[in-house]
Each structure stands twice: as C-alpha cells, then as structure tokens.
file final.pdb (PDB, C-alpha atoms)
ATOM      1  CA  MET A  16      42.257  17.000 171.997
ATOM      2  CA  GLN A  17      41.689  15.252 168.685
ATOM      3  CA  ASP A  18      43.523  16.360 165.580
ATOM      4  CA  SER A  19      40.391  17.660 163.915
ATOM      5  CA  GLN A  20      39.425  19.679 166.992
ATOM      6  CA  GLN A  21      42.942  21.114 167.153
ATOM      7  CA  ASP A  22      42.710  22.040 163.492
ATOM      8  CA  LEU A  23      39.435  23.866 164.117
ATOM      9  CA  LYS A  24      40.899  25.733 167.088
ATOM     10  CA  PHE A  25      43.952  26.937 165.155
ATOM     11  CA  MET A  26      41.892  27.881 162.115
ATOM     12  CA  GLU A  27      39.616  29.876 164.352
ATOM     13  CA  ALA A  28      42.687  31.766 165.608
ATOM     14  CA  ALA A  29      43.813  32.512 162.033
ATOM     15  CA  ILE A  30      40.351  33.740 161.042
ATOM     16  CA  ARG A  31      40.107  35.870 164.197
ATOM     17  CA  LEU A  32      43.369  37.595 163.216
ATOM     18  CA  SER A  33      42.037  38.211 159.712
ATOM     19  CA  GLY A  34      39.053  40.114 161.083
ATOM     20  CA  GLU A  35      40.756  42.001 163.896
ATOM     21  CA  HIS A  36      43.561  43.363 161.763
ATOM     22  CA  MET A  37      41.363  44.199 158.801
ATOM     23  CA  ARG A  38      39.250  46.303 161.191
ATOM     24  CA  ALA A  39      42.450  47.939 162.504
ATOM     25  CA  ASN A  40      43.268  48.911 158.874
ATOM     26  CA  ASP A  41      46.508  46.923 158.849
ATOM     27  CA  GLY A  42      45.725  45.533 155.389
ATOM     28  CA  GLY A  43      43.568  42.948 153.621
ATOM     29  CA  PRO A  44      41.347  40.437 155.460
ATOM     30  CA  PHE A  45      43.863  37.640 155.936
ATOM     31  CA  GLY A  46      45.322  35.920 159.014
ATOM     32  CA  ALA A  47      47.629  32.963 159.655
ATOM     33  CA  VAL A  48      49.240  31.027 162.491
ATOM     34  CA  VAL A  49      52.168  28.617 162.545
ATOM     35  CA  VAL A  50      51.779  25.693 164.954
ATOM     36  CA  LYS A  51      54.458  23.347 166.279
ATOM     37  CA  ASN A  52      53.833  20.499 168.731
ATOM     38  CA  GLY A  53      50.267  21.641 169.291
ATOM     39  CA  GLU A  54      51.174  25.237 170.137
ATOM     40  CA  VAL A  55      50.948  28.474 168.167
ATOM     41  CA  ILE A  56      54.517  29.688 167.755
ATOM     42  CA  ALA A  57      53.816  32.645 165.455
ATOM     43  CA  ASN A  58      50.993  34.823 164.163
ATOM     44  CA  GLY A  59      50.738  36.761 160.945
ATOM     45  CA  TRP A  60      48.247  39.063 159.287
ATOM     46  CA  ASN A  61      48.200  41.113 156.160
ATOM     47  CA  ARG A  62      50.130  44.371 156.594
ATOM     48  CA  VAL A  63      50.708  45.323 152.947
ATOM     49  CA  THR A  64      49.178  48.781 153.003
ATOM     50  CA  SER A  65      50.090  49.775 156.571
ATOM     51  CA  THR A  66      53.782  48.879 156.222
ATOM     52  CA  ASN A  67      54.270  49.588 152.489
ATOM     53  CA  ASP A  68      55.396  46.015 151.924
ATOM     54  CA  PRO A  69      53.676  44.099 149.105
ATOM     55  CA  THR A  70      55.192  40.868 150.463
ATOM     56  CA  ALA A  71      53.671  41.307 153.947
ATOM     57  CA  HIS A  72      50.882  38.800 153.437
ATOM     58  CA  ALA A  73      49.590  36.906 156.470
ATOM     59  CA  GLU A  74      51.412  33.656 155.631
ATOM     60  CA  VAL A  75      54.762  35.246 154.710
ATOM     61  CA  THR A  76      54.602  37.282 157.911
ATOM     62  CA  ALA A  77      53.726  34.225 160.047
ATOM     63  CA  ILE A  78      56.527  32.197 158.422
ATOM     64  CA  ARG A  79      59.070  34.978 158.965
ATOM     65  CA  ASN A  80      57.952  35.353 162.580
ATOM     66  CA  ALA A  81      58.102  31.594 163.205
ATOM     67  CA  CYS A  82      61.618  31.366 161.756
ATOM     68  CA  ALA A  83      62.774  34.340 163.825
ATOM     69  CA  LYS A  84      61.367  32.700 166.950
ATOM     70  CA  LEU A  85      62.964  29.313 166.278
ATOM     71  CA  ASN A  86      66.219  30.747 164.868
ATOM     72  CA  THR A  87      65.974  28.635 161.755
ATOM     73  CA  PHE A  88      65.185  28.972 158.071
ATOM     74  CA  GLN A  89      63.240  25.701 157.975
ATOM     75  CA  LEU A  90      59.896  24.932 159.604
ATOM     76  CA  ASN A  91      59.879  21.149 159.537
ATOM     77  CA  GLY A  92      57.367  19.853 162.069
ATOM     78  CA  CYS A  93      55.186  22.932 161.689
ATOM     79  CA  VAL A  94      51.670  23.393 160.301
ATOM     80  CA  LEU A  95      50.551  26.609 158.594
ATOM     81  CA  TYR A  96      46.906  27.587 159.186
ATOM     82  CA  THR A  97      45.662  30.431 157.022
ATOM     83  CA  SER A  98      42.264  32.057 156.628
ATOM     84  CA  CYS A  99      42.610  31.919 152.829
ATOM     85  CA  GLU A 100      44.274  29.575 150.357
ATOM     86  CA  PRO A 101      47.847  30.872 150.015
ATOM     87  CA  CYS A 102      48.599  32.940 146.911
ATOM     88  CA  PRO A 103      51.565  31.608 144.866
ATOM     89  CA  MET A 104      53.957  33.867 146.799
ATOM     90  CA  CYS A 105      52.806  32.481 150.135
ATOM     91  CA  LEU A 106      52.524  28.909 148.909
ATOM     92  CA  ALA A 107      56.083  28.978 147.600
ATOM     93  CA  ALA A 108      57.220  30.570 150.872
ATOM     94  CA  ALA A 109      55.642  27.640 152.751
ATOM     95  CA  TYR A 110      57.525  25.218 150.479
ATOM     96  CA  TRP A 111      60.840  27.029 150.930
ATOM     97  CA  ALA A 112      60.228  26.908 154.706
ATOM     98  CA  ARG A 113      59.346  23.199 154.380
ATOM     99  CA  VAL A 114      56.272  23.179 156.602
ATOM    100  CA  ASP A 115      54.695  19.755 157.149
ATOM    101  CA  ARG A 116      51.130  20.687 156.257
ATOM    102  CA  ILE A 117      48.915  23.572 155.137
ATOM    103  CA  VAL A 118      45.308  24.158 156.241
ATOM    104  CA  PHE A 119      43.297  26.983 154.670
ATOM    105  CA  ALA A 120      39.699  28.272 154.881
ATOM    106  CA  ALA A 121      38.475  30.467 151.998
ATOM    107  CA  THR A 122      39.731  29.772 148.463
ATOM    108  CA  ARG A 123      41.556  31.773 145.794
ATOM    109  CA  HIS A 124      38.167  32.077 144.053
ATOM    110  CA  ASP A 125      36.554  33.563 147.168
ATOM    111  CA  ALA A 126      39.473  36.039 147.307
ATOM    112  CA  ALA A 127      38.963  36.931 143.629
ATOM    113  CA  LYS A 128      35.318  37.756 144.327
ATOM    114  CA  ILE A 129      36.363  40.508 146.764
ATOM    115  CA  GLY A 130      38.949  41.960 144.372
ATOM    116  CA  PHE A 131      42.215  40.109 145.070
ATOM    117  CA  ASP A 132      44.591  38.790 142.402
ATOM    118  CA  ASP A 133      45.295  35.331 143.883
ATOM    119  CA  ASP A 134      43.498  33.359 141.201
ATOM    120  CA  PHE A 135      44.931  35.544 138.419
ATOM    121  CA  LEU A 136      48.442  34.915 139.790
ATOM    122  CA  TYR A 137      47.996  31.140 139.649
ATOM    123  CA  HIS A 138      47.206  31.547 135.964
ATOM    124  CA  GLU A 139      50.134  33.895 135.278
ATOM    125  CA  ILE A 140      52.660  31.598 136.936
ATOM    126  CA  ALA A 141      51.526  28.671 134.819
ATOM    127  CA  CYS A 142      51.831  30.820 131.648
ATOM    128  CA  ALA A 143      54.709  30.736 129.190
ATOM    129  CA  LEU A 144      56.939  33.801 129.655
ATOM    130  CA  GLU A 145      55.844  35.359 126.373
ATOM    131  CA  ASN A 146      52.172  35.290 127.405
ATOM    132  CA  ARG A 147      52.573  36.929 130.799
ATOM    133  CA  LYS A 148      50.962  40.281 131.610
ATOM    134  CA  ILE A 149      54.249  41.649 132.984
ATOM    135  CA  PRO A 150      56.741  41.687 130.071
ATOM    136  CA  THR A 151      59.637  39.386 130.933
ATOM    137  CA  GLN A 152      62.872  38.787 129.057
ATOM    138  CA  GLN A 153      66.167  36.946 129.460
ATOM    139  CA  LEU A 154      69.614  38.561 129.298
ATOM    140  CA  SER A 155      73.235  37.568 130.058
ATOM    141  CA  PRO A 156      72.580  33.968 131.181
ATOM    142  CA  ASP A 157      76.234  32.969 130.773
ATOM    143  CA  ASP A 158      77.471  35.544 133.281
ATOM    144  CA  ALA A 159      74.945  34.380 135.882
ATOM    145  CA  LYS A 160      75.784  30.739 135.241
ATOM    146  CA  LYS A 161      79.444  31.410 136.040
ATOM    147  CA  ILE A 162      78.342  32.413 139.563
ATOM    148  CA  PHE A 163      76.148  29.291 139.731
ATOM    149  CA  ALA A 164      79.188  27.144 138.894
ATOM    150  CA  GLU A 165      81.089  28.878 141.682
ATOM    151  CA  TRP A 166      78.274  28.003 144.114
ATOM    152  CA  ASP A 167      78.244  24.432 142.890
ATOM    153  CA  ALA A 168      81.965  24.120 143.678
ATOM    154  CA  LYS A 169      81.775  26.016 146.990
ATOM    155  CA  ALA A 170      82.794  23.666 149.783
ATOM    156  CA  ASP A 171      81.226  25.527 152.700
ATOM    157  CA  LYS A 172      77.832  26.337 151.175
ATOM    158  CA  ILE A 173      74.702  26.061 153.319
ATOM    159  CA  ARG A 174      71.859  24.521 151.339
ATOM    160  CA  TYR A 175      68.239  25.542 151.920
TER
ATOM    161  CA  MET B  10      72.348  55.261 126.651
ATOM    162  CA  GLN B  11      70.199  52.864 124.655
ATOM    163  CA  ASP B  12      67.659  50.667 126.408
ATOM    164  CA  SER B  13      69.550  47.485 125.657
ATOM    165  CA  GLN B  14      72.808  48.946 127.011
ATOM    166  CA  GLN B  15      70.998  50.074 130.149
ATOM    167  CA  ASP B  16      69.541  46.603 130.540
ATOM    168  CA  LEU B  17      73.013  45.086 130.297
ATOM    169  CA  LYS B  18      74.401  47.529 132.858
ATOM    170  CA  PHE B  19      71.663  46.792 135.415
ATOM    171  CA  MET B  20      71.857  43.062 134.854
ATOM    172  CA  GLU B  21      75.607  43.239 135.414
ATOM    173  CA  ALA B  22      74.890  44.926 138.766
ATOM    174  CA  ALA B  23      72.438  42.179 139.755
ATOM    175  CA  ILE B  24      74.900  39.442 138.802
ATOM    176  CA  ARG B  25      77.719  41.202 140.656
ATOM    177  CA  LEU B  26      75.592  41.183 143.828
ATOM    178  CA  SER B  27      74.876  37.475 143.367
ATOM    179  CA  GLY B  28      78.589  36.672 143.405
ATOM    180  CA  GLU B  29      79.718  39.075 146.106
ATOM    181  CA  HIS B  30      77.118  38.033 148.645
ATOM    182  CA  MET B  31      77.432  34.328 147.908
ATOM    183  CA  ARG B  32      81.155  34.675 148.667
ATOM    184  CA  ALA B  33      80.283  36.558 151.882
ATOM    185  CA  ASN B  34      78.114  33.557 152.888
ATOM    186  CA  ASP B  35      74.934  35.610 153.018
ATOM    187  CA  GLY B  36      72.993  32.889 151.186
ATOM    188  CA  GLY B  37      72.443  31.412 147.731
ATOM    189  CA  PRO B  38      73.983  32.865 144.538
ATOM    190  CA  PHE B  39      71.233  35.316 143.624
ATOM    191  CA  GLY B  40      71.156  39.102 143.217
ATOM    192  CA  ALA B  41      68.593  41.670 142.076
ATOM    193  CA  VAL B  42      68.162  45.399 141.542
ATOM    194  CA  VAL B  43      65.062  47.558 141.141
ATOM    195  CA  VAL B  44      65.412  50.418 138.659
ATOM    196  CA  LYS B  45      63.221  53.497 138.269
ATOM    197  CA  ASN B  46      63.782  56.271 135.721
ATOM    198  CA  GLY B  47      67.140  54.816 134.742
ATOM    199  CA  GLU B  48      68.492  54.645 138.306
ATOM    200  CA  VAL B  49      68.974  51.763 140.736
ATOM    201  CA  ILE B  50      66.693  52.520 143.689
ATOM    202  CA  ALA B  51      67.207  49.262 145.603
ATOM    203  CA  ASN B  52      69.449  46.209 145.779
ATOM    204  CA  GLY B  53      68.699  42.733 147.029
ATOM    205  CA  TRP B  54      70.558  39.495 147.462
ATOM    206  CA  ASN B  55      69.746  36.138 148.943
ATOM    207  CA  ARG B  56      69.996  36.187 152.737
ATOM    208  CA  VAL B  57      67.988  33.057 153.594
ATOM    209  CA  THR B  58      70.608  31.229 155.631
ATOM    210  CA  SER B  59      72.339  34.246 157.205
ATOM    211  CA  THR B  60      69.107  35.857 158.471
ATOM    212  CA  ASN B  61      67.008  32.711 159.076
ATOM    213  CA  ASP B  62      64.364  33.974 156.675
ATOM    214  CA  PRO B  63      63.218  31.574 153.947
ATOM    215  CA  THR B  64      61.500  34.486 152.186
ATOM    216  CA  ALA B  65      64.699  36.570 151.957
ATOM    217  CA  HIS B  66      65.334  35.837 148.287
ATOM    218  CA  ALA B  67      67.118  38.468 146.207
ATOM    219  CA  GLU B  68      63.967  39.695 144.448
ATOM    220  CA  VAL B  69      61.744  39.801 147.549
ATOM    221  CA  THR B  70      64.489  41.696 149.371
ATOM    222  CA  ALA B  71      64.983  44.159 146.498
ATOM    223  CA  ILE B  72      61.208  44.734 146.230
ATOM    224  CA  ARG B  73      60.885  45.285 149.993
ATOM    225  CA  ASN B  74      63.838  47.700 149.941
ATOM    226  CA  ALA B  75      62.450  49.597 146.938
ATOM    227  CA  CYS B  76      59.030  49.972 148.585
ATOM    228  CA  ALA B  77      60.618  51.153 151.838
ATOM    229  CA  LYS B  78      62.638  53.721 149.913
ATOM    230  CA  LEU B  79      59.674  55.045 147.923
ATOM    231  CA  ASN B  80      57.173  54.761 150.819
ATOM    232  CA  THR B  81      54.740  52.804 148.704
ATOM    233  CA  PHE B  82      53.434  49.281 148.290
ATOM    234  CA  GLN B  83      53.361  49.534 144.492
ATOM    235  CA  LEU B  84      56.325  49.717 142.134
ATOM    236  CA  ASN B  85      54.681  50.993 138.964
ATOM    237  CA  GLY B  86      57.316  52.473 136.673
ATOM    238  CA  CYS B  87      59.995  50.130 138.021
ATOM    239  CA  VAL B  88      61.949  47.315 136.369
ATOM    240  CA  LEU B  89      63.190  44.281 138.312
ATOM    241  CA  TYR B  90      66.554  42.871 137.167
ATOM    242  CA  THR B  91      67.466  39.527 138.697
ATOM    243  CA  SER B  92      70.376  37.169 138.157
ATOM    244  CA  CYS B  93      67.981  34.196 137.967
ATOM    245  CA  GLU B  94      64.426  33.671 136.769
ATOM    246  CA  PRO B  95      62.245  34.471 139.790
ATOM    247  CA  CYS B  96      60.862  31.485 141.718
ATOM    248  CA  PRO B  97      57.050  31.518 142.102
ATOM    249  CA  MET B  98      57.364  33.369 145.430
ATOM    250  CA  CYS B  99      59.440  36.135 143.857
ATOM    251  CA  LEU B 100      57.435  36.242 140.645
ATOM    252  CA  ALA B 101      54.187  36.655 142.574
ATOM    253  CA  ALA B 102      55.868  39.312 144.755
ATOM    254  CA  ALA B 103      56.774  41.228 141.577
ATOM    255  CA  TYR B 104      53.148  40.986 140.444
ATOM    256  CA  TRP B 105      51.785  42.163 143.808
ATOM    257  CA  ALA B 106      54.252  45.081 143.625
ATOM    258  CA  ARG B 107      53.097  45.725 140.036
ATOM    259  CA  VAL B 108      56.521  46.281 138.485
ATOM    260  CA  ASP B 109      56.482  47.264 134.802
ATOM    261  CA  ARG B 110      58.941  44.675 133.556
ATOM    262  CA  ILE B 111      61.159  41.771 134.658
ATOM    263  CA  VAL B 112      64.603  40.939 133.228
ATOM    264  CA  PHE B 113      66.388  37.763 134.359
ATOM    265  CA  ALA B 114      69.628  35.951 133.474
ATOM    266  CA  ALA B 115      69.857  32.251 134.440
ATOM    267  CA  THR B 116      66.718  30.103 134.300
ATOM    268  CA  ARG B 117      64.800  27.945 136.788
ATOM    269  CA  HIS B 118      66.405  24.955 135.049
ATOM    270  CA  ASP B 119      69.908  26.331 135.617
ATOM    271  CA  ALA B 120      68.944  26.809 139.288
ATOM    272  CA  ALA B 121      67.675  23.223 139.502
ATOM    273  CA  LYS B 122      71.031  21.965 138.219
ATOM    274  CA  ILE B 123      72.788  23.469 141.252
ATOM    275  CA  GLY B 124      70.245  22.080 143.723
ATOM    276  CA  PHE B 125      67.496  24.706 144.024
ATOM    277  CA  ASP B 126      63.745  23.991 144.065
ATOM    278  CA  ASP B 127      62.589  26.720 141.676
ATOM    279  CA  ASP B 128      61.543  24.424 138.860
ATOM    280  CA  PHE B 129      59.935  21.946 141.278
ATOM    281  CA  LEU B 130      57.903  24.795 142.792
ATOM    282  CA  TYR B 131      56.534  25.820 139.396
ATOM    283  CA  HIS B 132      55.233  22.270 139.041
ATOM    284  CA  GLU B 133      53.775  22.133 142.560
ATOM    285  CA  ILE B 134      51.905  25.403 142.167
ATOM    286  CA  ALA B 135      50.275  24.205 138.958
ATOM    287  CA  CYS B 136      49.254  20.935 140.700
ATOM    288  CA  ALA B 137      45.787  20.142 142.040
ATOM    289  CA  LEU B 138      45.776  20.398 145.849
ATOM    290  CA  GLU B 139      45.418  16.637 146.307
ATOM    291  CA  ASN B 140      48.580  15.965 144.307
ATOM    292  CA  ARG B 141      50.864  18.379 146.127
ATOM    293  CA  LYS B 142      53.897  17.195 148.077
ATOM    294  CA  ILE B 143      52.896  19.256 151.128
ATOM    295  CA  PRO B 144      49.517  17.897 152.322
ATOM    296  CA  THR B 145      46.936  20.663 152.062
ATOM    297  CA  GLN B 146      43.331  20.708 153.213
ATOM    298  CA  GLN B 147      40.402  23.104 153.517
ATOM    299  CA  LEU B 148      38.526  23.878 156.761
ATOM    300  CA  SER B 149      35.924  26.416 157.974
ATOM    301  CA  PRO B 150      35.468  28.331 154.704
ATOM    302  CA  ASP B 151      32.191  29.910 155.838
ATOM    303  CA  ASP B 152      33.794  31.627 158.835
ATOM    304  CA  ALA B 153      36.546  33.115 156.664
ATOM    305  CA  LYS B 154      34.032  34.218 154.042
ATOM    306  CA  LYS B 155      32.123  36.228 156.667
ATOM    307  CA  ILE B 156      35.279  38.328 157.139
ATOM    308  CA  PHE B 157      35.618  38.625 153.353
ATOM    309  CA  ALA B 158      32.044  39.989 153.175
ATOM    310  CA  GLU B 159      32.955  42.507 155.862
ATOM    311  CA  TRP B 160      35.949  43.635 153.751
ATOM    312  CA  ASP B 161      33.765  43.867 150.681
ATOM    313  CA  ALA B 162      31.403  46.212 152.512
ATOM    314  CA  LYS B 163      34.168  48.223 154.219
ATOM    315  CA  ALA B 164      33.951  51.823 153.023
ATOM    316  CA  ASP B 165      37.496  52.926 153.906
ATOM    317  CA  LYS B 166      39.437  49.916 152.618
ATOM    318  CA  ILE B 167      42.738  50.460 150.807
ATOM    319  CA  ARG B 168      43.022  48.142 147.820
ATOM    320  CA  TYR B 169      46.365  46.720 146.714
TER
END
call {"tool": "encode", "arguments": {"input": "final.pdb", "output": "structure tokens"}}
result
Amino acid sequence: MQDSQQDLKFMEAAIRLSGEHMRANDGGPFGAVVVKNGEVIANGWNRVTSTNDPTAHAEVTAIRNACAKLNTFQLNGCVLYTSCEPCPMCLAAAYWARVDRIVFAATRHDAAKIGFDDDFLYHEIACALENRKIPTQQLSPDDAKKIFAEWDAKADKIRY
Amino acid sequence: MQDSQQDLKFMEAAIRLSGEHMRANDGGPFGAVVVKNGEVIANGWNRVTSTNDPTAHAEVTAIRNACAKLNTFQLNGCVLYTSCEPCPMCLAAAYWARVDRIVFAATRHDAAKIGFDDDFLYHEIACALENRKIPTQQLSPDDAKKIFAEWDAKADKIRY
C-alpha cells in the first residue's frame, strides 16, 4: 500500500473514533491513532467530560496508550493521526513523546467554530505573561534553581 | 495569613516535591500543587521516566489529581503553584482546567539550561506548520468537519 493510501486509512480510523465516541457521550468530537511500522498500536478519543480529566484529549490519550503498550516514554518511529489539529497541550505532548510525524484533518479554526478553545490557546501561549487571560506570576526562583543545579549534577539522571 | 505569605508557603511545597521526587528517581526536577480555598487539594511531580508517560509532568499530574479529587473537569477557584514555568503542554492543560491563577518559580530559560525542551517548544508552537521540526500535514478535513457539524447540532452535548 502506498504511503498516501496508508495515511488515508489511518486518518479514516481516527475520524471514525471521533464520531463513535462523541455519540457515546465520552467527550468532544476528537479521535486519534498512533501508528508504528504500518500498524495502529494505540487509539485515543476525547474523554474529558466522562472521566473528569481536562487532559484526556484524543492525542494525549493515544500517546499515553502507545507508551504504555511499548513500555517507553518516547515514540520515535511513530506517526500520530488525529481528526483535528492538536491543541498546544497535545502538540507539546507529541513533541515530548518525539513522534516522527503528525497528520491532522480539521483545523484549530474549524474547532473554534464549534466552540473549542484551541485557537485561543495558540494565542495565549504566544502572549507575554503579563497579557495572559489567566493571571501568572513568578515567585522564589532561586529555591527552584537550587533543585535544578542538583539535577544538573546528578550522575544517574534519565533524560527525556 | 496574608496572600503573599500563603503564596510562599505553597510554592515551598511545590519546590519540596520537585527535589524529593527527583532524588527518588521518579523523573525530572519538577513539582506542583493545586490549592483551593487556602488548602492544598492535590500534589504532582514529574513521573515521565518512572511511569513511561511523556505527559506525566508535575502540573498535568497535579491537575489530573485535583480533578479526580473534586470529581470535576474544571478547576475554577483553584491556583496552580509549580516549581517551573509550565511548558506549553502544562500551560494549555491549566487553561483547559480553567484555574484562576498560576504561580511559578524557575523559568523556561532556567529549564533549558539544564537540558529541557520547554523554551524550544514555545518556539515550535508559535511556528507555521511548514517550519516545524516535526513534519506535520493536513488530510481529509471534510470528513472530520462532518463530525464537527454533528457535534454542533448535538442537543445533549457537555461543553468543556
């Protein structure tokens, strides 16, 4: 199967999840799959409202499931297919997991049109602290930096 | 107790967690607490490498724990104290949870100095798709948007 046909097949799977689990009232209309070596190794769908977990977006859930399956905290060699452009939380999660590639269907603007904050969040994250909607302040940096120095000197640390 | 003294006390708790759990080899040197009505309702610390979960940052963990405790997916009335400026994943998680306020100690630049990607991620998220380090492409938007339209028309949807 050609790459582009594979991509279509996996995207179809992600979109199918988005519909099925929205109808089951699991959460918002979002689905994702993680693929390695041409096989789906994990599914995810939005479960924010049904599990009381604001971080249970489709992509975060698929990434967590894929890592649990592979017993690793890094998804090198994997592709993330998601029915909607990842919000900044999910995009950063994909970076921390170090996936090889991301394929998405609808955009953050499409999500905004049906009432989701994705586009707003991209703006907030690019904002200077003092202009953010959630008031944010700094305190006690020197105490935290002492712990950072301890990490820096730690011989047996595991980087991620 | 004055607000500023309370802030110092809760930040001290977050920083203490960052050190204790780094030394226990749970993960990176990061800790967080969620506070409601002047009381710590949840703790979190980095557990990425010990639980094989790239999303198990201190703030995400504290937010998930706080939501589990309160049986809700929204943390209105809560303050997030974290030993380091939240990465984009954690910042967006705090927004999705709708905390009232964020207080942090070290910065994304301090984190970069000890080898973490936080600052890099802020740059990537502000980048146009075609300039991102992880190749990203769009596919099948119309199929995903059909599910979005279904959500839009869904009478019993729970917004978040």
call {"tool": "resolve_selection", "arguments": {"input": "final.pdb", "expression": "the ChimeraX specification (/B :<6) & /A", "output": "PyMOL selection string"}}
result
chain A and resi 30+34+67-70+79+87-88+98+104+107-108+111-112+116-121+129+149-156+159+162+167
call {"tool": "atom_distance", "arguments": {"input": "final.pdb", "atom1": "atom CA of Lys24 of chain A", "atom2": "atom CA of Gly92 of chain A"}}
result
18.2 Å
call {"tool": "atom_distance", "arguments": {"input": "final.pdb", "atom1": "atom CA of Phe19 of chain B", "atom2": "atom CA of Val42 of chain B"}}
result
7.2 Å
call {"tool": "atom_distance", "arguments": {"input": "final.pdb", "atom1": "atom CA of Ala137 of chain B", "atom2": "atom CA of Phe135 of chain A"}}
result
15.8 Å
call {"tool": "axis_aligned_box", "arguments": {"input": "final.pdb", "around": "segment 65-82 of chain A", "padding_each_side": "8 Å", "output": "JSON"}}
result
{"center_x": 55.6, "center_y": 40.6, "center_z": 156.2, "size_x": 28.0, "size_y": 34.4, "size_z": 30.1}
call {"tool": "closest_residue", "arguments": {"input": "final.pdb", "among": "B:Glu139, B:Ala41, B:Gly47, B:Arg56", "to": "Pro95 of chain B", "atoms": "only C-alpha atoms"}}
result
B:Ala41
